[in-house]
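Chemist: What follows is entry-v5.pdb, made up of PDB, C-alpha atoms, pLDDT in the B column:
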ATOM      1  CA  MET A   1      17.919  39.234   3.850  1.00 50.00           C
ATOM      2  CA  ILE A   2      16.934  37.166   0.854  1.00 53.00           C
ATOM      3  CA  ILE A   3      20.532  36.399   0.026  1.00 52.00           C
ATOM      4  CA  ARG A   4      21.212  35.402   3.593  1.00 53.00           C
ATOM      5  CA  THR A   5      18.220  33.079   3.706  1.00 51.00           C
ATOM      6  CA  LEU A   6      19.269  31.578   0.417  1.00 49.00           C
ATOM      7  CA  LEU A   7      22.773  31.015   1.704  1.00 47.00           C
ATOM      8  CA  ILE A   8      21.510  29.353   4.843  1.00 47.00           C
ATOM      9  CA  THR A   9      19.082  27.202   2.878  1.00 46.00           C
ATOM     10  CA  THR A  10      21.819  26.161   0.479  1.00 44.00           C
ATOM     11  CA  THR A  11      24.132  25.282   3.333  1.00 42.00           C
ATOM     12  CA  LEU A  12      21.410  23.262   5.004  1.00 43.00           C
ATOM     13  CA  LEU A  13      20.653  21.444   1.766  1.00 44.00           C
ATOM     14  CA  PHE A  14      24.289  20.513   1.295  1.00 43.00           C
ATOM     15  CA  ALA A  15      24.660  19.464   4.894  1.00 42.00           C
ATOM     16  CA  GLY A  16      21.486  17.427   4.598  1.00 42.00           C
ATOM     17  CA  SER A  17      22.547  15.588   1.481  1.00 43.00           C
ATOM     18  CA  ALA A  18      26.035  14.908   2.807  1.00 41.00           C
ATOM     19  CA  ALA A  19      24.643  13.450   6.011  1.00 41.00           C
ATOM     20  CA  ALA A  20      22.113  11.257   4.263  1.00 43.00           C
ATOM     21  CA  SER A  21      24.330   9.928   1.497  1.00 52.00           C
ATOM     22  CA  ALA A  22      27.031   8.736   3.814  1.00 79.00           C
ATOM     23  CA  VAL A  23      25.449   6.640   6.523  1.00 92.00           C
ATOM     24  CA  LYS A  24      28.075   6.102   9.168  1.00 95.00           C
ATOM     25  CA  GLY A  25      27.721   2.994  11.224  1.00 97.00           C
ATOM     26  CA  ASP A  26      29.543   0.254  13.020  1.00 98.00           C
ATOM     27  CA  THR A  27      29.597  -2.809  10.748  1.00 98.00           C
ATOM     28  CA  ALA A  28      30.465  -5.245  13.548  1.00 98.00           C
ATOM     29  CA  ASN A  29      27.601  -4.029  15.718  1.00 97.00           C
ATOM     30  CA  GLY A  30      25.312  -4.031  12.680  1.00 98.00           C
ATOM     31  CA  LYS A  31      26.067  -7.727  12.168  1.00 98.00           C
ATOM     32  CA  LYS A  32      25.197  -8.328  15.819  1.00 97.00           C
ATOM     33  CA  VAL A  33      21.898  -6.452  15.438  1.00 96.00           C
ATOM     34  CA  PHE A  34      21.018  -8.291  12.219  1.00 97.00           C
ATOM     35  CA  GLU A  35      21.807 -11.696  13.711  1.00 96.00           C
ATOM     36  CA  SER A  36      20.157 -11.015  17.052  1.00 92.00           C
ATOM     37  CA  ASP A  37      17.933 -13.947  17.879  1.00 86.00           C
ATOM     38  CA  VAL A  38      16.220 -12.724  21.011  1.00 85.00           C
ATOM     39  CA  ASP A  39      13.134 -10.515  20.926  1.00 81.00           C
ATOM     40  CA  THR A  40      12.287  -7.845  23.504  1.00 78.00           C
ATOM     41  CA  LYS A  41      10.546 -10.434  25.690  1.00 84.00           C
ATOM     42  CA  GLY A  42      13.555 -12.722  25.716  1.00 84.00           C
ATOM     43  CA  ASN A  43      12.010 -15.260  23.343  1.00 86.00           C
ATOM     44  CA  LYS A  44      14.348 -16.916  20.877  1.00 86.00           C
ATOM     45  CA  VAL A  45      13.340 -15.548  17.473  1.00 87.00           C
ATOM     46  CA  ALA A  46      15.551 -14.790  14.497  1.00 92.00           C
ATOM     47  CA  VAL A  47      14.199 -11.257  14.150  1.00 94.00           C
ATOM     48  CA  CYS A  48      15.927 -10.207  10.885  1.00 97.00           C
ATOM     49  CA  THR A  49      17.495 -13.389   9.560  1.00 97.00           C
ATOM     50  CA  GLY A  50      14.270 -15.383  10.033  1.00 96.00           C
ATOM     51  CA  CYS A  51      12.822 -13.587   6.996  1.00 96.00           C
ATOM     52  CA  HIS A  52      15.774 -12.017   5.147  1.00 98.00           C
ATOM     53  CA  GLY A  53      18.333 -14.791   5.517  1.00 98.00           C
ATOM     54  CA  VAL A  54      21.712 -14.939   7.220  1.00 97.00           C
ATOM     55  CA  GLY A  55      24.193 -12.460   5.743  1.00 97.00           C
ATOM     56  CA  ASN A  56      24.145 -12.829   1.973  1.00 97.00           C
ATOM     57  CA  THR A  57      23.336 -16.564   1.963  1.00 98.00           C
ATOM     58  CA  GLU A  58      19.588 -16.181   1.221  1.00 98.00           C
ATOM     59  CA  LYS A  59      19.177 -19.000   3.741  1.00 98.00           C
ATOM     60  CA  LEU A  60      17.285 -18.855   7.016  1.00 97.00           C
ATOM     61  CA  PRO A  61      19.090 -19.872  10.220  1.00 96.00           C
ATOM     62  CA  ASP A  62      17.639 -23.403   9.872  1.00 95.00           C
ATOM     63  CA  GLY A  63      19.272 -23.740   6.439  1.00 97.00           C
ATOM     64  CA  SER A  64      16.071 -23.494   4.405  1.00 98.00           C
ATOM     65  CA  ALA A  65      15.731 -21.020   1.538  1.00 98.00           C
ATOM     66  CA  MET A  66      14.437 -17.561   2.454  1.00 97.00           C
ATOM     67  CA  PRO A  67      10.928 -16.728   1.174  1.00 97.00           C
ATOM     68  CA  GLN A  68      11.045 -15.135  -2.272  1.00 96.00           C
ATOM     69  CA  GLU A  69       8.466 -12.530  -1.238  1.00 96.00           C
ATOM     70  CA  ASN A  70      11.085 -10.928   0.994  1.00 98.00           C
ATOM     71  CA  PRO A  71      13.760  -8.655  -0.411  1.00 98.00           C
ATOM     72  CA  VAL A  72      17.439  -9.539  -0.389  1.00 98.00           C
ATOM     73  CA  LEU A  73      18.938  -6.851   1.843  1.00 98.00           C
ATOM     74  CA  ALA A  74      22.588  -7.850   1.574  1.00 98.00           C
ATOM     75  CA  GLY A  75      24.390  -5.686  -0.960  1.00 97.00           C
ATOM     76  CA  GLN A  76      21.729  -2.975  -0.999  1.00 98.00           C
ATOM     77  CA  TYR A  77      22.769   0.679  -0.614  1.00 97.00           C
ATOM     78  CA  ALA A  78      23.120   1.508   3.096  1.00 98.00           C
ATOM     79  CA  ASP A  79      21.393   4.871   2.799  1.00 97.00           C
ATOM     80  CA  TYR A  80      18.370   3.283   1.106  1.00 97.00           C
ATOM     81  CA  LEU A  81      18.147   0.646   3.858  1.00 98.00           C
ATOM     82  CA  SER A  82      18.425   3.339   6.513  1.00 98.00           C
ATOM     83  CA  LYS A  83      15.668   5.348   4.811  1.00 97.00           C
ATOM     84  CA  ALA A  84      13.428   2.269   4.612  1.00 98.00           C
ATOM     85  CA  LEU A  85      13.965   1.424   8.288  1.00 98.00           C
ATOM     86  CA  HIS A  86      13.255   5.011   9.367  1.00 98.00           C
ATOM     87  CA  ASP A  87      10.104   5.007   7.223  1.00 97.00           C
ATOM     88  CA  TYR A  88       8.939   1.808   8.945  1.00 97.00           C
ATOM     89  CA  LYS A  89       9.840   3.230  12.353  1.00 97.00           C
ATOM     90  CA  SER A  90       7.780   6.387  11.707  1.00 97.00           C
ATOM     91  CA  LYS A  91       5.024   4.255  10.096  1.00 96.00           C
ATOM     92  CA  LYS A  92       5.333   6.082   6.776  1.00 95.00           C
ATOM     93  CA  ARG A  93       5.817   2.714   5.137  1.00 96.00           C
ATOM     94  CA  ALA A  94       3.255  -0.001   5.753  1.00 94.00           C
ATOM     95  CA  HIS A  95       4.230  -3.454   6.972  1.00 94.00           C
ATOM     96  CA  ILE A  96       3.084  -4.574  10.396  1.00 93.00           C
ATOM     97  CA  GLY A  97       6.083  -6.772  11.080  1.00 94.00           C
ATOM     98  CA  MET A  98       8.683  -4.294   9.845  1.00 97.00           C
ATOM     99  CA  GLN A  99       7.056  -1.359  11.648  1.00 97.00           C
ATOM    100  CA  GLY A 100       7.336  -3.298  14.906  1.00 94.00           C
ATOM    101  CA  ASN A 101      10.888  -4.447  14.284  1.00 95.00           C
ATOM    102  CA  ALA A 102      12.157  -1.043  13.164  1.00 96.00           C
ATOM    103  CA  SER A 103      10.503   0.757  16.086  1.00 95.00           C
ATOM    104  CA  ARG A 104      12.608  -1.338  18.451  1.00 94.00           C
ATOM    105  CA  LEU A 105      15.838  -0.154  16.813  1.00 96.00           C
ATOM    106  CA  SER A 106      17.629   2.990  17.922  1.00 97.00           C
ATOM    107  CA  ASP A 107      18.820   5.413  15.227  1.00 97.00           C
ATOM    108  CA  LYS A 108      22.359   4.151  15.823  1.00 97.00           C
ATOM    109  CA  GLU A 109      21.275   0.525  15.411  1.00 97.00           C
ATOM    110  CA  ILE A 110      19.529   1.450  12.140  1.00 98.00           C
ATOM    111  CA  ALA A 111      22.750   3.047  10.889  1.00 98.00           C
ATOM    112  CA  ASP A 112      24.839   0.066  12.011  1.00 98.00           C
ATOM    113  CA  VAL A 113      22.621  -2.599  10.477  1.00 98.00           C
ATOM    114  CA  SER A 114      22.309  -0.607   7.225  1.00 98.00           C
ATOM    115  CA  VAL A 115      26.060  -0.205   6.883  1.00 98.00           C
ATOM    116  CA  TYR A 116      26.600  -3.903   7.684  1.00 98.00           C
ATOM    117  CA  LEU A 117      24.133  -5.083   5.017  1.00 98.00           C
ATOM    118  CA  GLY A 118      25.465  -2.578   2.498  1.00 98.00           C
ATOM    119  CA  SER A 119      28.982  -3.930   2.995  1.00 98.00           C
ATOM    120  CA  LEU A 120      28.012  -7.448   1.880  1.00 98.00           C
ATOM    121  CA  LYS A 121      28.176  -8.712  -1.685  1.00 97.00           C
ATOM    122  CA  SER A 122      25.066 -10.311  -3.133  1.00 97.00           C
ATOM    123  CA  LYS A 123      23.218 -10.925  -6.364  1.00 97.00           C
ATOM    124  CA  VAL A 124      21.390  -7.603  -5.960  1.00 97.00           C
ATOM    125  CA  HIS A 125      23.160  -5.069  -8.118  1.00 96.00           C
ATOM    126  CA  ASP A 126      22.889  -1.840 -10.001  1.00 94.00           C
ATOM    127  CA  LEU A 127      20.841  -1.777 -13.194  1.00 94.00           C
ATOM    128  CA  SER A 128      23.573   0.362 -14.789  1.00 93.00           C
ATOM    129  CA  GLU A 129      25.574  -2.855 -15.355  1.00 94.00           C
ATOM    130  CA  HIS A 130      23.099  -3.776 -18.077  1.00 94.00           C
ATOM    131  CA  GLU A 131      22.717  -0.526 -19.970  1.00 84.00           C
ATOM    132  CA  ASN A 132      24.299  -1.640 -23.223  1.00 80.00           C
ATOM    133  CA  GLU A 133      22.784  -5.090 -23.393  1.00 83.00           C
ATOM    134  CA  LYS A 134      20.675  -5.988 -26.377  1.00 70.00           C
TER     135      LYS A 134
ATOM    136  CA  MET B   1     -29.162 -16.026  -3.220  1.00 54.00           C
ATOM    137  CA  LYS B   2     -26.970 -19.042  -2.687  1.00 58.00           C
ATOM    138  CA  THR B   3     -26.155 -19.051  -6.364  1.00 58.00           C
ATOM    139  CA  SER B   4     -24.959 -15.445  -6.300  1.00 61.00           C
ATOM    140  CA  ILE B   5     -22.704 -16.125  -3.321  1.00 57.00           C
ATOM    141  CA  LEU B   6     -21.278 -19.110  -5.115  1.00 57.00           C
ATOM    142  CA  LEU B   7     -20.849 -17.048  -8.253  1.00 55.00           C
ATOM    143  CA  LEU B   8     -19.112 -14.278  -6.323  1.00 55.00           C
ATOM    144  CA  ALA B   9     -16.839 -16.769  -4.617  1.00 56.00           C
ATOM    145  CA  GLY B  10     -16.080 -18.293  -7.982  1.00 52.00           C
ATOM    146  CA  LEU B  11     -15.266 -14.939  -9.529  1.00 51.00           C
ATOM    147  CA  PHE B  12     -13.106 -14.014  -6.560  1.00 51.00           C
ATOM    148  CA  LEU B  13     -11.141 -17.232  -6.823  1.00 50.00           C
ATOM    149  CA  ALA B  14     -10.799 -16.826 -10.568  1.00 50.00           C
ATOM    150  CA  SER B  15      -9.473 -13.268 -10.349  1.00 49.00           C
ATOM    151  CA  ASN B  16      -7.100 -14.179  -7.538  1.00 49.00           C
ATOM    152  CA  ALA B  17      -5.818 -17.162  -9.430  1.00 47.00           C
ATOM    153  CA  GLN B  18      -5.330 -15.007 -12.492  1.00 47.00           C
ATOM    154  CA  ALA B  19      -3.228 -12.476 -10.606  1.00 54.00           C
ATOM    155  CA  ALA B  20      -1.131 -15.235  -9.117  1.00 58.00           C
ATOM    156  CA  GLU B  21      -0.655 -16.964 -12.445  1.00 69.00           C
ATOM    157  CA  LEU B  22       0.367 -13.976 -14.566  1.00 89.00           C
ATOM    158  CA  LYS B  23       3.619 -15.182 -15.964  1.00 95.00           C
ATOM    159  CA  GLY B  24       6.241 -12.548 -16.500  1.00 97.00           C
ATOM    160  CA  ASN B  25       8.020 -12.362 -19.823  1.00 98.00           C
ATOM    161  CA  PRO B  26      11.585 -11.112 -19.245  1.00 97.00           C
ATOM    162  CA  LYS B  27      11.958 -10.050 -22.885  1.00 97.00           C
ATOM    163  CA  ALA B  28       8.930  -7.783 -22.733  1.00 97.00           C
ATOM    164  CA  GLY B  29      10.122  -6.650 -19.319  1.00 98.00           C
ATOM    165  CA  LYS B  30      13.449  -5.502 -20.721  1.00 97.00           C
ATOM    166  CA  THR B  31      11.709  -3.092 -23.097  1.00 96.00           C
ATOM    167  CA  LEU B  32       9.400  -1.820 -20.363  1.00 97.00           C
ATOM    168  CA  ALA B  33      12.275  -1.397 -17.921  1.00 96.00           C
ATOM    169  CA  TYR B  34      13.908   1.213 -20.136  1.00 94.00           C
ATOM    170  CA  THR B  35      12.027   3.846 -18.176  1.00 94.00           C
ATOM    171  CA  CYS B  36      13.473   2.493 -14.898  1.00 96.00           C
ATOM    172  CA  THR B  37      17.022   3.185 -16.042  1.00 95.00           C
ATOM    173  CA  GLY B  38      16.460   6.959 -15.787  1.00 94.00           C
ATOM    174  CA  CYS B  39      17.000   6.583 -12.028  1.00 95.00           C
ATOM    175  CA  HIS B  40      17.884   2.962 -11.278  1.00 96.00           C
ATOM    176  CA  GLY B  41      20.298   2.622 -14.184  1.00 94.00           C
ATOM    177  CA  ILE B  42      22.695   5.273 -13.001  1.00 93.00           C
ATOM    178  CA  SER B  43      25.171   3.991 -10.473  1.00 91.00           C
ATOM    179  CA  GLU B  44      24.820   5.716  -7.084  1.00 91.00           C
ATOM    180  CA  TYR B  45      21.977   7.892  -8.400  1.00 93.00           C
ATOM    181  CA  LYS B  46      20.403   9.876  -5.591  1.00 91.00           C
ATOM    182  CA  ASN B  47      16.817  10.672  -4.776  1.00 92.00           C
ATOM    183  CA  ALA B  48      16.757  14.422  -4.141  1.00 85.00           C
ATOM    184  CA  TYR B  49      14.551  15.123  -1.114  1.00 83.00           C
ATOM    185  CA  PRO B  50      15.322  13.384   1.089  1.00 88.00           C
ATOM    186  CA  SER B  51      18.674  12.421  -0.318  1.00 91.00           C
ATOM    187  CA  TYR B  52      19.490   8.718  -0.482  1.00 95.00           C
ATOM    188  CA  ARG B  53      20.678   6.434  -3.238  1.00 96.00           C
ATOM    189  CA  VAL B  54      17.806   4.803  -5.113  1.00 97.00           C
ATOM    190  CA  PRO B  55      17.797   1.065  -4.444  1.00 97.00           C
ATOM    191  CA  LYS B  56      19.553  -1.551  -6.520  1.00 97.00           C
ATOM    192  CA  ILE B  57      16.789  -3.533  -8.192  1.00 98.00           C
ATOM    193  CA  ALA B  58      18.662  -5.852 -10.568  1.00 98.00           C
ATOM    194  CA  GLY B  59      18.853  -9.415  -9.258  1.00 98.00           C
ATOM    195  CA  GLN B  60      16.239  -8.764  -6.565  1.00 98.00           C
ATOM    196  CA  HIS B  61      13.620 -11.453  -5.870  1.00 98.00           C
ATOM    197  CA  GLU B  62      10.833 -11.496  -8.451  1.00 98.00           C
ATOM    198  CA  LYS B  63       8.045 -11.816  -5.877  1.00 97.00           C
ATOM    199  CA  TYR B  64       9.370  -8.889  -3.863  1.00 98.00           C
ATOM    200  CA  LEU B  65       9.578  -6.710  -6.989  1.00 98.00           C
ATOM    201  CA  LEU B  66       5.958  -7.654  -7.754  1.00 98.00           C
ATOM    202  CA  ALA B  67       4.911  -6.701  -4.226  1.00 97.00           C
ATOM    203  CA  ALA B  68       6.808  -3.401  -4.392  1.00 97.00           C
ATOM    204  CA  LEU B  69       5.362  -2.359  -7.769  1.00 98.00           C
ATOM    205  CA  HIS B  70       1.811  -3.359  -6.816  1.00 97.00           C
ATOM    206  CA  GLY B  71       2.315  -1.527  -3.498  1.00 97.00           C
ATOM    207  CA  TYR B  72       3.120   1.679  -5.398  1.00 97.00           C
ATOM    208  CA  LYS B  73       0.276   1.117  -7.841  1.00 97.00           C
ATOM    209  CA  LYS B  74      -2.238   0.681  -5.005  1.00 96.00           C
ATOM    210  CA  GLY B  75      -0.831   3.689  -3.159  1.00 95.00           C
ATOM    211  CA  GLU B  76       0.422   1.629  -0.225  1.00 94.00           C
ATOM    212  CA  ARG B  77       3.921   2.888  -0.889  1.00 95.00           C
ATOM    213  CA  ASN B  78       4.439   6.579  -1.191  1.00 92.00           C
ATOM    214  CA  HIS B  79       7.190   7.616  -3.531  1.00 95.00           C
ATOM    215  CA  PRO B  80       5.529  10.048  -6.011  1.00 95.00           C
ATOM    216  CA  THR B  81       7.587   9.085  -9.070  1.00 96.00           C
ATOM    217  CA  MET B  82       7.286   5.379  -8.354  1.00 97.00           C
ATOM    218  CA  LYS B  83       3.540   5.714  -7.780  1.00 97.00           C
ATOM    219  CA  ALA B  84       3.167   7.417 -11.160  1.00 97.00           C
ATOM    220  CA  GLN B  85       5.338   4.840 -12.918  1.00 97.00           C
ATOM    221  CA  ALA B  86       3.663   1.835 -11.339  1.00 97.00           C
ATOM    222  CA  SER B  87       0.144   3.071 -12.005  1.00 97.00           C
ATOM    223  CA  SER B  88       0.983   3.479 -15.685  1.00 97.00           C
ATOM    224  CA  PHE B  89       1.775  -0.256 -15.859  1.00 97.00           C
ATOM    225  CA  SER B  90      -0.754  -3.067 -16.306  1.00 98.00           C
ATOM    226  CA  ASP B  91      -0.503  -6.129 -14.061  1.00 98.00           C
ATOM    227  CA  GLN B  92       1.076  -7.965 -16.992  1.00 98.00           C
ATOM    228  CA  ASP B  93       3.639  -5.155 -17.448  1.00 98.00           C
ATOM    229  CA  ILE B  94       4.540  -5.409 -13.765  1.00 98.00           C
ATOM    230  CA  ALA B  95       4.930  -9.189 -14.044  1.00 98.00           C
ATOM    231  CA  ASP B  96       7.186  -8.721 -17.095  1.00 98.00           C
ATOM    232  CA  ILE B  97       9.366  -6.089 -15.406  1.00 98.00           C
ATOM    233  CA  ALA B  98       9.744  -8.207 -12.261  1.00 98.00           C
ATOM    234  CA  ALA B  99      10.664 -11.243 -14.387  1.00 98.00           C
ATOM    235  CA  TYR B 100      13.290  -9.223 -16.280  1.00 98.00           C
ATOM    236  CA  LEU B 101      14.910  -7.515 -13.293  1.00 98.00           C
ATOM    237  CA  SER B 102      15.072 -10.693 -11.208  1.00 98.00           C
ATOM    238  CA  SER B 103      16.704 -12.589 -14.072  1.00 98.00           C
ATOM    239  CA  LEU B 104      19.697 -10.235 -14.231  1.00 98.00           C
ATOM    240  CA  LYS B 105      23.065 -11.451 -13.034  1.00 97.00           C
ATOM    241  CA  SER B 106      25.852  -9.188 -11.899  1.00 94.00           C
ATOM    242  CA  LYS B 107      29.071  -9.384 -13.886  1.00 88.00           C
ATOM    243  CA  LYS B 108      31.161  -8.063 -11.033  1.00 82.00           C
TER     244      LYS B 108
END
Using structure tokens, write down the structure from this file.

Modeler:
Amino acid sequence: MIIRTLLITTTLLFAGSAAASAVKGDTANGKKVFESDVDTKGNKVAVCTGCHGVGNTEKLPDGSAMPQENPVLAGQYADYLSKALHDYKSKKRAHIGMQGNASRLSDKEIADVSVYLGSLKSKVHDLSEHENEK
Amino acid sequence: MKTSILLLAGLFLASNAQAAELKGNPKAGKTLAYTCTGCHGISEYKNAYPSYRVPKIAGQHEKYLLAALHGYKKGERNHPTMKAQASSFSDQDIADIAAYLSSLKSKK
């Protein structure tokens, strides 16, 4: 009994980590979601790009620089972005604007937009690149 | 009465201004950020439960890094390890770390 439970738990753990580490999404649709400029009421608003910039440009749709308070999302790990969006959606992470925006995304749209952003190159990078610097 | 309100307002403004004006020292930040490398300095390093890769923080915007670290320190963000790390840092430490991380350029 114990062995069986252990086996099942182990299998579940492996399945869980495999599913989470590899977010599968549609990059082209993710780009569409990220660049969507119509809110649920049909108003013209740059929902994502109005704060986080277009693609990896760090520029808002009007060409101005994105606010430095906001994180650069381009180039970030897709599974971290997906986790963050799900945390906003379930209100585990606090931010009024992001909770609202994430709650309007389906799980598929979260996967798509995360994979799209993760596929871009940006100045955000892994700290491991600097491990031997003096 | 009026004086104490004025005094309070003055103190409030002073403390706010101080927080806003803390200038980060990237050199000091580099030393402090050694502890960050345990997780963030290993490429593709994964958080265990739930499993996801810990975020890339080098090159990120300084003001966002400040907000994230203060968010953990104040308990507004929930990651246990990050809460513990951030609450062990002074506001100056946080400013230094944010200045260091945001100054990094990718070589790739």

Chemist: Once the PyMOL selection byres ((chain B and resi 86-89) around 8) has been evaluated on this model, what residues remain selected, and can you format them as an MDAnalysis selection string?

Modeler: chainID B and resid 69:70 72:74 82:85 90:94

Chemist: Which value, in Å to one decimal, gives the distance between atom CA of Lys134 of chain A and atom CA of His61 of chain B?

Modeler: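 Computing it gives 22.4 Å between the two atoms.
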
Chemist: Using only C-alpha atoms, I'd like a table of the residues in chain A that come within 12 Å of chain B; for each, show the closest atom pair and its distance in Å rounded to one decimal, ordered by chain and ascending number, as CSV.

Modeler:
residue,atom,partner,partner_atom,distance
A:Leu13,CA,B:Tyr49,CA,9.2
A:Phe14,CA,B:Ser51,CA,10.0
A:Ala15,CA,B:Ser51,CA,10.6
A:Gly16,CA,B:Ser51,CA,7.6
A:Ser17,CA,B:Ser51,CA,5.3
A:Ala18,CA,B:Ser51,CA,8.4
A:Ala19,CA,B:Ser51,CA,8.8
A:Ala20,CA,B:Ser51,CA,5.8
A:Ser21,CA,B:Tyr52,CA,5.4
A:Ala22,CA,B:Tyr52,CA,8.7
A:Val23,CA,B:Tyr52,CA,9.4
A:His52,CA,B:His61,CA,11.2
A:Glu58,CA,B:His61,CA,10.4
A:Met66,CA,B:His61,CA,10.4
A:Pro67,CA,B:Lys63,CA,9.1
A:Gln68,CA,B:Lys63,CA,5.7
A:Glu69,CA,B:Tyr64,CA,4.6
A:Asn70,CA,B:Tyr64,CA,5.5
A:Pro71,CA,B:Tyr64,CA,5.6
A:Val72,CA,B:Gln60,CA,6.3
A:Leu73,CA,B:Gln60,CA,9.0
A:Ala74,CA,B:Gln60,CA,10.4
A:Gly75,CA,B:Lys56,CA,8.5
A:Gln76,CA,B:Lys56,CA,6.1
A:Tyr77,CA,B:Pro55,CA,6.3
A:Ala78,CA,B:Arg53,CA,8.4
A:Asp79,CA,B:Tyr52,CA,5.4
A:Tyr80,CA,B:Tyr52,CA,5.8
A:Leu81,CA,B:Pro55,CA,8.3
A:Ser82,CA,B:Tyr52,CA,8.9
A:Lys83,CA,B:Tyr52,CA,7.3
A:Ala84,CA,B:Pro55,CA,10.1
A:His86,CA,B:Pro50,CA,12.0
A:Asp87,CA,B:Asn78,CA,10.3
A:Tyr88,CA,B:Arg77,CA,11.1
A:Lys91,CA,B:Arg77,CA,11.1
A:Lys92,CA,B:Asn78,CA,8.0
A:Arg93,CA,B:Arg77,CA,6.3
A:Ala94,CA,B:Glu76,CA,6.8
A:His95,CA,B:Glu76,CA,9.6
A:Gly118,CA,B:Lys56,CA,10.8
A:Lys121,CA,B:Lys108,CA,9.8
A:Ser122,CA,B:Gly59,CA,8.8
A:Lys123,CA,B:Gly59,CA,5.5
A:Val124,CA,B:Gly59,CA,4.5
A:His125,CA,B:Ala58,CA,5.2
A:Asp126,CA,B:Lys56,CA,4.8
A:Leu127,CA,B:Gly41,CA,4.5
A:Ser128,CA,B:Gly41,CA,4.0
A:Glu129,CA,B:Ser106,CA,7.2
A:His130,CA,B:Gly41,CA,8.0
A:Glu131,CA,B:Gly41,CA,7.0
A:Asn132,CA,B:Gly41,CA,10.8
A:Glu133,CA,B:Lys30,CA,9.7
A:Lys134,CA,B:Lys30,CA,9.2

Chemist: I need the residue set behind the PyMOL selection byres ((chain A and resi 49) around 9) for this file; please write it as a list in words.

Modeler: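 Selected by the PyMOL selection byres ((chain A and resi 49) around 9) in this file: Phe34, Glu35, Ser36, Asp37, Ala46, Val47, Cys48, Gly50, Cys51, His52, Gly53, Val54, Gly55, Lys59, Leu60, Pro61 and Met66 of chain A.
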
Chemist: Create the file for the chosen residues now, containing C-alpha atoms and written as an mmCIF file, keeping the file's coordinate frame.

Modeler:
data_model
loop_
_atom_site.group_PDB
_atom_site.id
_atom_site.type_symbol
_atom_site.label_atom_id
_atom_site.label_comp_id
_atom_site.auth_asym_id
_atom_site.auth_seq_id
_atom_site.Cartn_x
_atom_site.Cartn_y
_atom_site.Cartn_z
ATOM 1 C CA PHE A 34 21.018 -8.291 12.219
ATOM 2 C CA GLU A 35 21.807 -11.696 13.711
ATOM 3 C CA SER A 36 20.157 -11.015 17.052
ATOM 4 C CA ASP A 37 17.933 -13.947 17.879
ATOM 5 C CA ALA A 46 15.551 -14.790 14.497
ATOM 6 C CA VAL A 47 14.199 -11.257 14.150
ATOM 7 C CA CYS A 48 15.927 -10.207 10.885
ATOM 8 C CA GLY A 50 14.270 -15.383 10.033
ATOM 9 C CA CYS A 51 12.822 -13.587 6.996
ATOM 10 C CA HIS A 52 15.774 -12.017 5.147
ATOM 11 C CA GLY A 53 18.333 -14.791 5.517
ATOM 12 C CA VAL A 54 21.712 -14.939 7.220
ATOM 13 C CA GLY A 55 24.193 -12.460 5.743
ATOM 14 C CA LYS A 59 19.177 -19.000 3.741
ATOM 15 C CA LEU A 60 17.285 -18.855 7.016
ATOM 16 C CA PRO A 61 19.090 -19.872 10.220
ATOM 17 C CA MET A 66 14.437 -17.561 2.454
#

Chemist: Quick check, in Å to one decimal: how far apart do atom CA of Asp96 of chain B and atom CA of Thr35 of chain B lie?

Modeler: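 Interatomic distance here is 13.5 Å.
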
Chemist: Ranking A:Leu85, A:Leu117, A:Val38, A:Val33 by minimum distance to Ser103 of chain A and counting all atoms listed in the file, which one comes first?

Modeler: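 The shortest atom-to-atom distance to Ser103 of chain A comes from A:Leu85.
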
Chemist: Report, in Å to a single decimal, how far apart atom CA of His79 of chain B and atom CA of Ser106 of chain A are.

Modeler: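 Computed distance, atom CA of Ser106 of chain A to atom CA of His79 of chain B, equals 24.3 Å.
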
Chemist: Which protein, DNA or RNA residues are at most 8 Å from (9.3, -6.0, 20.5) in the file's coordinates when you count all atoms listed in the file, listed as a ChimeraX atom specification?

Modeler: /A:39-41,100-101,104

Chemist: Could you save those same residues with C-alpha atoms as a CSV table (one decimal), in the frame of the given file?

Modeler:
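The resulting file, out.csv, is reproduced below:
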chain,number,residue,atom,x,y,z
A,39,ASP,CA,13.1,-10.5,20.9
A,40,THR,CA,12.3,-7.8,23.5
A,41,LYS,CA,10.5,-10.4,25.7
A,100,GLY,CA,7.3,-3.3,14.9
A,101,ASN,CA,10.9,-4.4,14.3
A,104,ARG,CA,12.6,-1.3,18.5
